[in-house]
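The structure under discussion appears below in the form of structure tokens.
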Amino acid sequence: MDRAEASRIAHGELRLWNPFSEAALDELIDLLDLAPGARVLDVACGRAEVLRRVAQRWQIEATGYDADPALIASGPPELDLQVRDSPPGGSFELVICIASSHALGGFPDALAALHELTEPGGQVLLGEGYWRQPPSEAYLEALGGATADELTDYPGLMRAADETGLTPLYSCVARETDWDRYEWRLILNAERWAAANADDPGAELLLERARRARERMTMPGGRETLGFALTLLRRR
């Protein structure tokens, strides 16, 4: 079992692969400003649930891509979804990148890539993590050996976007209850799958994934360490 399959199992039937409520996402989609026929790209779109919601609300030309063929195959058939490792050519009136900056080189390099993908005056819908407080070594270890410089704090996230030529227009952050629902659903799904498939070699990977997530959620200060912001940006 590779990490992509483990992620699919852990996320299960979750529609959104990030710690945001569907209501908060839909509210932000309503705040977009898209002309009929606008070209929209979803970076590392997964099952393209966010792109589907944008296409349902706005009359757009929707394109999404992801490196995982299984996710693309399970996406809405009416959308142009492609299996690929890098963005298609051209520029777009809206680029969506929610929990997907890794596909563009990681934060903060992904911001420059998003700037290049977006038409002047166009929009970026960015979902990115940030530190609510400095992470402890134990927390970083529970993230799988992450380093503190992989993210910044909330002011730093907004500043990095602005310095890249992306003006923040609107932003909201995931609540602790959103994080609880998201992380504990991943733990629940992983534990139940491993219990039902104890002889599968992948069961140990799922259990280790659940153990680390549980450690992050239950260590002192763990629930107050990592944040996630959904931000609407305009390309200058």
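To be explicit about the labels: the chains of the structure tokens are called A, B, and onward in the order shown, and within each one the residues are counted from 1, while ligands get numbers from 1 in the order they are shown.
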
Could you give me, as a Markdown table, a per-residue list for region 5-53 of chain A showing, wherever an atom lies at most 8 Å from an atom of region 188-204 of chain A, the closest pair of atoms and their distance in Å to one decimal, using only C-alpha atoms and sorting by chain then residue number from low to high?
```
| residue | atom | partner | partner_atom | distance |
| --- | --- | --- | --- | --- |
| A:Ala6 | CA | A:Gly202 | CA | 7.7 |
| A:Ile9 | CA | A:Ala190 | CA | 6.7 |
| A:Ala10 | CA | A:Ala190 | CA | 4.9 |
| A:His11 | CA | A:Asn189 | CA | 7.0 |
| A:Gly12 | CA | A:Asn189 | CA | 6.5 |
```

Residues as selected, all heavy atoms, written as a compact mmCIF listing (two decimals), in the first residue's frame, can you do that?
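Written output follows (result_29.txt):
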```txt
# COMPACT_ATOMS: atom_id res chain seq x y z
N ALA A 6 -3.36 4.84 1.16
CA ALA A 6 -3.63 5.03 2.58
C ALA A 6 -4.45 6.30 2.82
O ALA A 6 -5.37 6.31 3.65
CB ALA A 6 -2.32 5.10 3.36
N ILE A 9 -8.12 5.70 1.83
CA ILE A 9 -8.82 4.91 2.84
C ILE A 9 -9.15 5.76 4.06
O ILE A 9 -10.26 5.73 4.59
CB ILE A 9 -7.98 3.68 3.24
CG1 ILE A 9 -7.89 2.69 2.07
CG2 ILE A 9 -8.56 3.00 4.48
CD1 ILE A 9 -6.90 1.57 2.29
N ALA A 10 -8.18 6.53 4.52
CA ALA A 10 -8.38 7.34 5.72
C ALA A 10 -9.46 8.41 5.49
O ALA A 10 -10.26 8.69 6.40
CB ALA A 10 -7.07 8.00 6.15
N HIS A 11 -9.50 8.99 4.31
CA HIS A 11 -10.50 10.01 4.04
C HIS A 11 -11.88 9.41 3.80
O HIS A 11 -12.89 10.10 4.02
CB HIS A 11 -10.08 10.88 2.85
CG HIS A 11 -9.05 11.90 3.19
ND1 HIS A 11 -7.69 11.64 3.15
CD2 HIS A 11 -9.15 13.18 3.60
CE1 HIS A 11 -7.02 12.71 3.50
NE2 HIS A 11 -7.88 13.67 3.79
N GLY A 12 -11.92 8.16 3.35
CA GLY A 12 -13.20 7.48 3.22
C GLY A 12 -14.19 8.26 2.38
O GLY A 12 -13.90 8.66 1.25
```

>> Could you list, as a VMD selection string, every residue within 7 Å of region 154-156 of chain A, counting only C-alpha atoms and ignoring same-chain residues fewer than 2 positions away?
In response: chain A and resid 130 to 131 152 158 to 160

Could you write those residues out with N, CA, C and O atoms, as an mmCIF file, in the first residue's frame?
```cif
data_model
loop_
_atom_site.group_PDB
_atom_site.id
_atom_site.type_symbol
_atom_site.label_atom_id
_atom_site.label_comp_id
_atom_site.auth_asym_id
_atom_site.auth_seq_id
_atom_site.Cartn_x
_atom_site.Cartn_y
_atom_site.Cartn_z
ATOM 1 N N TYR A 130 -1.025 27.049 8.560
ATOM 2 C CA TYR A 130 -0.175 28.043 9.220
ATOM 3 C C TYR A 130 -0.046 27.644 10.684
ATOM 4 O O TYR A 130 -0.841 26.849 11.210
ATOM 5 N N TRP A 131 0.974 28.178 11.340
ATOM 6 C CA TRP A 131 1.178 27.880 12.760
ATOM 7 C C TRP A 131 0.375 28.846 13.618
ATOM 8 O O TRP A 131 0.576 30.051 13.536
ATOM 9 N N THR A 152 4.388 29.232 8.049
ATOM 10 C CA THR A 152 4.588 30.452 8.811
ATOM 11 C C THR A 152 3.344 30.685 9.661
ATOM 12 O O THR A 152 2.459 29.824 9.710
ATOM 13 N N MET A 158 -0.386 35.797 5.014
ATOM 14 C CA MET A 158 -0.964 36.909 4.258
ATOM 15 C C MET A 158 0.124 37.774 3.623
ATOM 16 O O MET A 158 0.014 38.211 2.476
ATOM 17 N N ARG A 159 1.203 38.011 4.368
ATOM 18 C CA ARG A 159 2.302 38.838 3.871
ATOM 19 C C ARG A 159 3.002 38.161 2.687
ATOM 20 O O ARG A 159 3.326 38.820 1.690
ATOM 21 N N ALA A 160 3.211 36.849 2.785
ATOM 22 C CA ALA A 160 3.881 36.127 1.700
ATOM 23 C C ALA A 160 3.058 36.189 0.417
ATOM 24 O O ALA A 160 3.607 36.353 -0.683
#
```

>> Give me, as a PyMOL selection string, all polymer residues having an atom no more than 10 Å from Arg3 (chain A), counting only C-alpha atoms and skipping those fewer than 2 positions away in the same chain.
In response: chain A and resi 1+5-9+202+205-206+209

Grab the residues selected above and save them as a CSV table (one decimal), in the first residue's frame with N, CA, C and O atoms.
```csv
chain,number,residue,atom,x,y,z
A,1,MET,N,0.8,-1.2,0.0
A,1,MET,CA,0.0,0.0,0.0
A,1,MET,C,0.9,1.3,0.0
A,1,MET,O,1.8,1.4,0.8
A,5,GLU,N,-2.9,5.5,-1.5
A,5,GLU,CA,-4.0,4.6,-1.2
A,5,GLU,C,-4.4,4.7,0.3
A,5,GLU,O,-5.6,4.7,0.7
A,6,ALA,N,-3.4,4.8,1.2
A,6,ALA,CA,-3.6,5.0,2.6
A,6,ALA,C,-4.4,6.3,2.8
A,6,ALA,O,-5.4,6.3,3.6
A,7,SER,N,-4.1,7.3,2.1
A,7,SER,CA,-4.9,8.6,2.2
A,7,SER,C,-6.3,8.4,1.8
A,7,SER,O,-7.3,8.9,2.4
A,8,ARG,N,-6.6,7.7,0.7
A,8,ARG,CA,-7.9,7.5,0.2
A,8,ARG,C,-8.7,6.7,1.2
A,8,ARG,O,-9.9,7.0,1.5
A,9,ILE,N,-8.1,5.7,1.8
A,9,ILE,CA,-8.8,4.9,2.8
A,9,ILE,C,-9.1,5.8,4.1
A,9,ILE,O,-10.3,5.7,4.6
A,202,GLY,N,-1.0,-3.4,4.4
A,202,GLY,CA,-1.2,-2.0,4.6
A,202,GLY,C,-1.8,-1.6,5.9
A,202,GLY,O,-1.9,-0.4,6.3
A,205,LEU,N,0.5,0.4,8.2
A,205,LEU,CA,0.6,1.8,7.7
A,205,LEU,C,-0.6,2.7,8.2
A,205,LEU,O,-0.4,3.8,8.6
A,206,LEU,N,-1.8,2.1,8.1
A,206,LEU,CA,-3.0,2.8,8.5
A,206,LEU,C,-2.9,3.1,10.0
A,206,LEU,O,-3.3,4.1,10.5
A,209,ARG,N,-0.5,5.8,10.8
A,209,ARG,CA,-1.1,7.1,10.5
A,209,ARG,C,-2.0,7.5,11.6
A,209,ARG,O,-2.0,8.7,12.0
```

>> So that I can check the secondary structure, give me every residue of region 98-209 of chain A assigned strand (DSSP E or B) by backbone DSSP, as a list in words.
In response: Ile98, Thr118, Glu119, Pro120, Gly121, Gly122, Gln123, Val124, Leu125, Leu126, Gly127, Glu128, Gly129, Tyr130, Trp131, Asp153, Leu166, Thr167, Pro168, Leu169, Tyr170, Ser171, Cys172 and Val173 of chain A

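When only C-alpha atoms are used to measure the gap to Arg236 (chain A), the shortest distance among A:Gly121, A:Pro108, A:Gly64, A:Pro77 belongs to A:Gly121.
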
> So which residues touch Asp42 (chain A) within 9 Å, counting only C-alpha atoms, skipping near sequence neighbours fewer than 2 positions away, as a count of residues only?
Replying inline: 16

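Look at Leu230 (chain A): the protein and nucleic acid residues within 6 Å of it, using only C-alpha atoms and passing over chain neighbours fewer than 2 places away, are Leu126, Gly127, Ser171 and Cys172 of chain A.
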
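Neighbours of region 27-34 of chain A closer than or equal to 7 Å, with only C-alpha atoms counted and sequence neighbours fewer than 3 positions away skipped, come out as Ala23, Ala24, Ala38, Val54 and Trp58 of chain A.
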
Dump of all heavy atoms for the selected residues, as an mmCIF file, in the first residue's frame:
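Final file, selection-v5.cif:
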```cif
data_model
loop_
_atom_site.group_PDB
_atom_site.id
_atom_site.type_symbol
_atom_site.label_atom_id
_atom_site.label_comp_id
_atom_site.auth_asym_id
_atom_site.auth_seq_id
_atom_site.Cartn_x
_atom_site.Cartn_y
_atom_site.Cartn_z
ATOM 1 N N ALA A 23 -20.216 24.370 4.677
ATOM 2 C CA ALA A 23 -20.909 25.663 4.692
ATOM 3 C C ALA A 23 -19.927 26.807 4.491
ATOM 4 O O ALA A 23 -20.211 27.764 3.742
ATOM 5 C CB ALA A 23 -21.662 25.838 6.001
ATOM 6 N N ALA A 24 -18.757 26.754 5.148
ATOM 7 C CA ALA A 24 -17.751 27.812 5.002
ATOM 8 C C ALA A 24 -17.208 27.855 3.577
ATOM 9 O O ALA A 24 -16.988 28.938 3.012
ATOM 10 C CB ALA A 24 -16.620 27.604 5.997
ATOM 11 N N ALA A 38 -15.572 31.598 -17.711
ATOM 12 C CA ALA A 38 -14.254 31.783 -17.089
ATOM 13 C C ALA A 38 -13.524 30.452 -16.984
ATOM 14 O O ALA A 38 -14.116 29.419 -16.654
ATOM 15 C CB ALA A 38 -14.413 32.409 -15.712
ATOM 16 N N VAL A 54 -17.839 24.814 -7.448
ATOM 17 C CA VAL A 54 -17.669 26.068 -8.178
ATOM 18 C C VAL A 54 -18.436 26.012 -9.500
ATOM 19 O O VAL A 54 -19.106 26.973 -9.891
ATOM 20 C CB VAL A 54 -16.176 26.359 -8.414
ATOM 21 C CG1 VAL A 54 -15.995 27.605 -9.283
ATOM 22 C CG2 VAL A 54 -15.450 26.546 -7.082
ATOM 23 N N TRP A 58 -21.220 28.663 -10.622
ATOM 24 C CA TRP A 58 -20.837 29.601 -11.665
ATOM 25 C C TRP A 58 -20.749 28.882 -13.013
ATOM 26 O O TRP A 58 -20.419 27.701 -13.081
ATOM 27 C CB TRP A 58 -19.485 30.238 -11.344
ATOM 28 C CG TRP A 58 -19.456 31.001 -10.058
ATOM 29 C CD1 TRP A 58 -19.133 30.517 -8.823
ATOM 30 C CD2 TRP A 58 -19.778 32.384 -9.872
ATOM 31 N NE1 TRP A 58 -19.222 31.510 -7.879
ATOM 32 C CE2 TRP A 58 -19.623 32.676 -8.498
ATOM 33 C CE3 TRP A 58 -20.164 33.406 -10.736
ATOM 34 C CZ2 TRP A 58 -19.847 33.941 -7.972
ATOM 35 C CZ3 TRP A 58 -20.387 34.669 -10.216
ATOM 36 C CH2 TRP A 58 -20.228 34.927 -8.852
#
```
